[in-house]
>>> print(open('my_file-v6.cif').read())   # mmCIF, C-alpha atoms
data_run
loop_
_atom_site.group_PDB
_atom_site.id
_atom_site.type_symbol
_atom_site.label_atom_id
_atom_site.label_comp_id
_atom_site.auth_asym_id
_atom_site.auth_seq_id
_atom_site.Cartn_x
_atom_site.Cartn_y
_atom_site.Cartn_z
ATOM 1 C CA MET A 4 93.743 -14.285 9.000
ATOM 2 C CA ASP A 5 91.054 -13.564 11.589
ATOM 3 C CA LYS A 6 88.522 -16.260 12.508
ATOM 4 C CA PRO A 7 85.457 -14.713 10.775
ATOM 5 C CA SER A 8 87.416 -14.397 7.502
ATOM 6 C CA LYS A 9 88.760 -17.937 7.853
ATOM 7 C CA ASN A 10 85.256 -19.304 8.488
ATOM 8 C CA ARG A 11 83.831 -17.360 5.551
ATOM 9 C CA ASP A 12 86.553 -18.785 3.317
ATOM 10 C CA ARG A 13 85.703 -22.292 4.569
ATOM 11 C CA HIS A 14 81.994 -21.704 3.903
ATOM 12 C CA ILE A 15 82.710 -20.576 0.343
ATOM 13 C CA ALA A 16 85.090 -23.507 -0.251
ATOM 14 C CA PHE A 17 82.434 -25.899 1.090
ATOM 15 C CA ILE A 18 79.796 -24.436 -1.240
ATOM 16 C CA GLN A 19 82.163 -24.708 -4.210
ATOM 17 C CA ALA A 20 83.141 -28.293 -3.385
ATOM 18 C CA ASN A 21 79.514 -29.386 -2.929
ATOM 19 C CA TRP A 22 77.853 -27.096 -5.452
ATOM 20 C CA ASP A 23 75.892 -29.704 -7.428
ATOM 21 C CA ALA A 24 74.428 -31.359 -4.316
ATOM 22 C CA LEU A 25 73.567 -28.037 -2.672
ATOM 23 C CA ALA A 26 72.070 -26.579 -5.855
ATOM 24 C CA ALA A 27 69.962 -29.684 -6.495
ATOM 25 C CA GLU A 28 68.736 -29.716 -2.878
ATOM 26 C CA CYS A 29 67.865 -26.008 -3.020
ATOM 27 C CA TYR A 30 65.745 -26.444 -6.117
ATOM 28 C CA LYS A 31 64.156 -29.638 -4.799
ATOM 29 C CA GLY A 32 63.307 -27.780 -1.577
ATOM 30 C CA TYR A 33 61.791 -24.931 -3.556
ATOM 31 C CA LYS A 34 59.617 -27.353 -5.555
ATOM 32 C CA GLU A 35 58.439 -29.116 -2.381
ATOM 33 C CA LYS A 36 58.224 -26.236 0.120
ATOM 34 C CA GLY A 37 58.249 -23.003 -1.867
ATOM 35 C CA ARG A 38 60.647 -20.092 -1.427
ATOM 36 C CA GLY A 39 63.268 -20.646 1.259
ATOM 37 C CA MET A 40 66.847 -21.260 2.283
ATOM 38 C CA LEU A 41 69.059 -24.331 2.662
ATOM 39 C CA ILE A 42 70.438 -24.589 6.208
ATOM 40 C CA LEU A 43 73.582 -26.540 7.112
ATOM 41 C CA GLN A 44 75.600 -27.073 10.286
ATOM 42 C CA GLU A 45 79.060 -25.547 10.203
ATOM 43 C CA SER A 46 80.150 -28.143 12.770
ATOM 44 C CA ASP A 47 79.874 -30.875 10.112
ATOM 45 C CA PHE A 48 83.020 -29.616 8.351
ATOM 46 C CA ILE A 49 84.568 -26.455 9.790
ATOM 47 C CA ASP A 50 87.281 -28.108 11.911
ATOM 48 C CA LYS A 51 88.125 -30.886 9.459
ATOM 49 C CA PRO A 52 91.150 -30.593 7.164
ATOM 50 C CA VAL A 53 90.391 -28.933 3.827
ATOM 51 C CA GLY A 54 89.627 -31.571 1.212
ATOM 52 C CA GLU A 55 88.662 -34.274 3.706
ATOM 53 C CA LEU A 56 85.418 -36.010 2.819
ATOM 54 C CA CYS A 57 82.732 -35.571 5.434
ATOM 55 C CA LYS A 58 79.075 -36.299 5.954
ATOM 56 C CA PHE A 59 76.859 -33.281 6.319
ATOM 57 C CA SER A 60 73.183 -32.708 6.850
ATOM 58 C CA MET A 61 71.110 -30.084 5.119
ATOM 59 C CA VAL A 62 67.547 -28.935 5.622
ATOM 60 C CA PHE A 63 65.617 -26.745 3.227
ATOM 61 C CA VAL A 64 63.548 -24.303 5.249
ATOM 62 C CA GLY A 65 60.607 -23.071 3.216
ATOM 63 C CA GLN A 66 58.594 -19.993 4.133
ATOM 64 C CA GLY A 67 55.779 -21.272 6.375
ATOM 65 C CA SER A 68 57.224 -24.806 6.714
ATOM 66 C CA PRO A 69 57.401 -26.510 10.131
ATOM 67 C CA GLU A 70 61.152 -25.782 10.141
ATOM 68 C CA PHE A 71 60.445 -22.106 9.517
ATOM 69 C CA GLN A 72 57.803 -22.099 12.261
ATOM 70 C CA ALA A 73 60.427 -23.516 14.658
ATOM 71 C CA MET A 74 62.844 -20.718 13.687
ATOM 72 C CA GLY A 75 60.102 -18.098 14.027
ATOM 73 C CA LYS A 76 61.644 -15.794 11.418
ATOM 74 C CA TRP A 77 64.522 -15.539 8.997
ATOM 75 C CA PRO A 78 67.896 -14.830 10.646
ATOM 76 C CA GLY A 79 67.807 -11.178 9.544
ATOM 77 C CA ALA A 80 66.187 -8.619 7.277
ATOM 78 C CA LYS A 81 68.740 -9.384 4.539
ATOM 79 C CA GLU A 82 67.755 -13.066 4.454
ATOM 80 C CA ALA A 83 64.037 -12.216 4.521
ATOM 81 C CA ARG A 84 64.527 -9.956 1.460
ATOM 82 C CA TRP A 85 66.561 -12.634 -0.292
ATOM 83 C CA VAL A 86 63.835 -15.243 0.198
ATOM 84 C CA GLN A 87 61.198 -12.898 -1.209
ATOM 85 C CA ASN A 88 63.240 -11.797 -4.234
ATOM 86 C CA TYR A 89 65.536 -14.606 -5.421
ATOM 87 C CA THR A 90 65.122 -16.658 -8.606
ATOM 88 C CA PRO A 91 65.125 -20.321 -7.444
ATOM 89 C CA GLU A 92 66.063 -21.640 -10.887
ATOM 90 C CA GLU A 93 69.309 -19.632 -10.820
ATOM 91 C CA THR A 94 70.167 -18.792 -7.207
ATOM 92 C CA LEU A 95 71.104 -20.663 -4.032
ATOM 93 C CA LEU A 96 70.337 -19.277 -0.590
ATOM 94 C CA VAL A 97 72.522 -21.103 1.924
ATOM 95 C CA GLY A 98 72.827 -20.509 5.646
ATOM 96 C CA PHE A 99 75.393 -22.075 7.972
ATOM 97 C CA VAL A 100 74.557 -22.403 11.656
ATOM 98 C CA ARG A 101 77.878 -21.438 13.188
ATOM 99 C CA LEU A 102 79.487 -22.951 16.255
ATOM 100 C CA ASP A 103 78.570 -19.771 18.173
ATOM 101 C CA ASP A 104 74.878 -20.364 17.188
ATOM 102 C CA GLY A 105 74.846 -17.395 14.812
ATOM 103 C CA ILE A 106 74.076 -17.827 11.126
ATOM 104 C CA SER A 107 76.252 -16.913 8.157
ATOM 105 C CA SER A 108 74.227 -16.745 4.970
ATOM 106 C CA TYR A 109 75.094 -16.573 1.292
ATOM 107 C CA ARG A 110 73.198 -15.738 -1.888
ATOM 108 C CA ILE A 111 74.995 -17.247 -4.857
ATOM 109 C CA ASN A 112 73.991 -17.362 -8.507
ATOM 110 C CA GLY A 113 74.810 -20.361 -10.654
ATOM 111 C CA LEU A 114 75.996 -20.045 -14.217
ATOM 112 C CA ALA A 115 75.003 -22.229 -17.159
ATOM 113 C CA GLU A 116 75.426 -25.892 -16.192
ATOM 114 C CA GLY A 117 75.745 -24.951 -12.512
ATOM 115 C CA MET A 118 72.269 -23.467 -12.213
ATOM 116 C CA PRO A 119 70.129 -25.031 -9.459
ATOM 117 C CA ILE A 120 67.402 -26.191 -11.855
ATOM 118 C CA ILE A 121 69.962 -27.959 -14.083
ATOM 119 C CA CYS A 122 71.669 -29.613 -11.076
ATOM 120 C CA TYR A 123 68.242 -30.758 -9.856
ATOM 121 C CA GLN A 124 67.305 -32.171 -13.277
ATOM 122 C CA ARG A 125 70.635 -34.035 -13.519
ATOM 123 C CA ASN A 126 70.076 -35.473 -10.034
ATOM 124 C CA VAL A 127 66.548 -36.627 -10.904
ATOM 125 C CA ALA A 128 67.762 -38.207 -14.168
ATOM 126 C CA LYS A 129 70.635 -39.958 -12.362
ATOM 127 C CA ASN A 130 68.254 -41.448 -9.784
ATOM 128 C CA ASN A 131 65.709 -42.729 -12.330
#
>>> encode(input="my_file-v6.cif", output="structure tokens")
Amino acid sequence: MDKPSKNRDRHIAFIQANWDALAAECYKGYKEKGRGMLILQESDFIDKPVGELCKFSMVFVGQGSPEFQAMGKWPGAKEARWVQNYTPEETLLVGFVRLDDGISSYRINGLAEGMPIICYQRNVAKNN
């Protein structure tokens, strides 16, 4: 398997393994900062064995936020369209800053109990 395919598979596996946390953070970010994308560092997990627990950082970049101002623009036209057109209650926008400093981004819809708004509500209830 070539490296881009392997990394994409790792990104998808990471999203699946951490779905509830990522979905809750995406919706929380939307509520606090408006439309945007959750950004993570690939280096936090990409070279670790599959299934190994790891700490990872995530930052929700909202349109017009200080983080967005630092970026200057969305990584590409595709991501800019996604941010303008997604449904935050149902969809995650996740970008991984790769080791080569590029960005791999994903638009993923949640189903039923895996929807971002439901994951966010469960997280809020758990922490109250």
>>> residues_near_point(input="my_file-v6.cif", point="(70.9, -24.9, -10.6)", cutoff="10 Å", atoms="all atoms listed in the file", output="PyMOL selection string")
chain A and resi 22-30+91-95+112-125
>>> atom_distance(input="my_file-v6.cif", atom1="atom CA of Asn131 of chain A", atom2="atom CA of Gly32 of chain A")
18.6 Å
>>> atom_distance(input="my_file-v6.cif", atom1="atom CA of Val86 of chain A", atom2="atom CA of Lys58 of chain A")
26.6 Å
>>> closest_residue(input="my_file-v6.cif", among="A:Glu45, A:Ile15, A:Tyr33, A:Phe71", to="Cys57 of chain A", atoms="all atoms listed in the file")
A:Glu45
>>> residues_around(input="my_file-v6.cif", residues="His14 of chain A", least_positions_apart="3", cutoff="12 Å", atoms="all atoms listed in the file", output="number ranges by chain")
A: 7-11, 17-22, 43-50, 53, 97-101, 106-109
>>> build_atoms(input="my_file-v6.cif", residues="segment 79-92 of chain A", atoms="N, CA and C atoms", output="PDB file, in the frame of the given file")
ATOM      1  N   GLY A  79      67.699 -12.639   9.592  1.00  0.00           N
ATOM      2  CA  GLY A  79      67.807 -11.178   9.544  1.00  0.00           C
ATOM      3  C   GLY A  79      66.992 -10.618   8.403  1.00  0.00           C
ATOM      4  N   ALA A  80      66.942  -9.296   8.336  1.00  0.00           N
ATOM      5  CA  ALA A  80      66.187  -8.619   7.277  1.00  0.00           C
ATOM      6  C   ALA A  80      66.762  -8.938   5.902  1.00  0.00           C
ATOM      7  N   LYS A  81      68.089  -9.066   5.816  1.00  0.00           N
ATOM      8  CA  LYS A  81      68.740  -9.384   4.539  1.00  0.00           C
ATOM      9  C   LYS A  81      68.225 -10.719   4.007  1.00  0.00           C
ATOM     10  N   GLU A  82      68.207 -11.738   4.866  1.00  0.00           N
ATOM     11  CA  GLU A  82      67.755 -13.066   4.454  1.00  0.00           C
ATOM     12  C   GLU A  82      66.273 -13.050   4.078  1.00  0.00           C
ATOM     13  N   ALA A  83      65.463 -12.316   4.833  1.00  0.00           N
ATOM     14  CA  ALA A  83      64.037 -12.216   4.521  1.00  0.00           C
ATOM     15  C   ALA A  83      63.831 -11.605   3.132  1.00  0.00           C
ATOM     16  N   ARG A  84      64.601 -10.562   2.804  1.00  0.00           N
ATOM     17  CA  ARG A  84      64.527  -9.956   1.460  1.00  0.00           C
ATOM     18  C   ARG A  84      64.974 -10.949   0.391  1.00  0.00           C
ATOM     19  N   TRP A  85      66.067 -11.657   0.671  1.00  0.00           N
ATOM     20  CA  TRP A  85      66.561 -12.634  -0.292  1.00  0.00           C
ATOM     21  C   TRP A  85      65.478 -13.659  -0.626  1.00  0.00           C
ATOM     22  N   VAL A  86      64.849 -14.202   0.410  1.00  0.00           N
ATOM     23  CA  VAL A  86      63.835 -15.243   0.198  1.00  0.00           C
ATOM     24  C   VAL A  86      62.688 -14.703  -0.660  1.00  0.00           C
ATOM     25  N   GLN A  87      62.307 -13.474  -0.445  1.00  0.00           N
ATOM     26  CA  GLN A  87      61.198 -12.898  -1.209  1.00  0.00           C
ATOM     27  C   GLN A  87      61.570 -12.580  -2.647  1.00  0.00           C
ATOM     28  N   ASN A  88      62.851 -12.336  -2.930  1.00  0.00           N
ATOM     29  CA  ASN A  88      63.240 -11.797  -4.234  1.00  0.00           C
ATOM     30  C   ASN A  88      64.144 -12.671  -5.095  1.00  0.00           C
ATOM     31  N   TYR A  89      64.583 -13.836  -4.621  1.00  0.00           N
ATOM     32  CA  TYR A  89      65.536 -14.606  -5.421  1.00  0.00           C
ATOM     33  C   TYR A  89      64.840 -15.381  -6.538  1.00  0.00           C
ATOM     34  N   THR A  90      65.620 -15.832  -7.502  1.00  0.00           N
ATOM     35  CA  THR A  90      65.122 -16.658  -8.606  1.00  0.00           C
ATOM     36  C   THR A  90      65.594 -18.088  -8.339  1.00  0.00           C
ATOM     37  N   PRO A  91      64.709 -18.971  -7.853  1.00  0.00           N
ATOM     38  CA  PRO A  91      65.125 -20.321  -7.444  1.00  0.00           C
ATOM     39  C   PRO A  91      65.809 -21.135  -8.532  1.00  0.00           C
ATOM     40  N   GLU A  92      65.454 -20.892  -9.793  1.00  0.00           N
ATOM     41  CA  GLU A  92      66.063 -21.640 -10.887  1.00  0.00           C
ATOM     42  C   GLU A  92      67.532 -21.282 -11.085  1.00  0.00           C
TER      43      GLU A  92
END
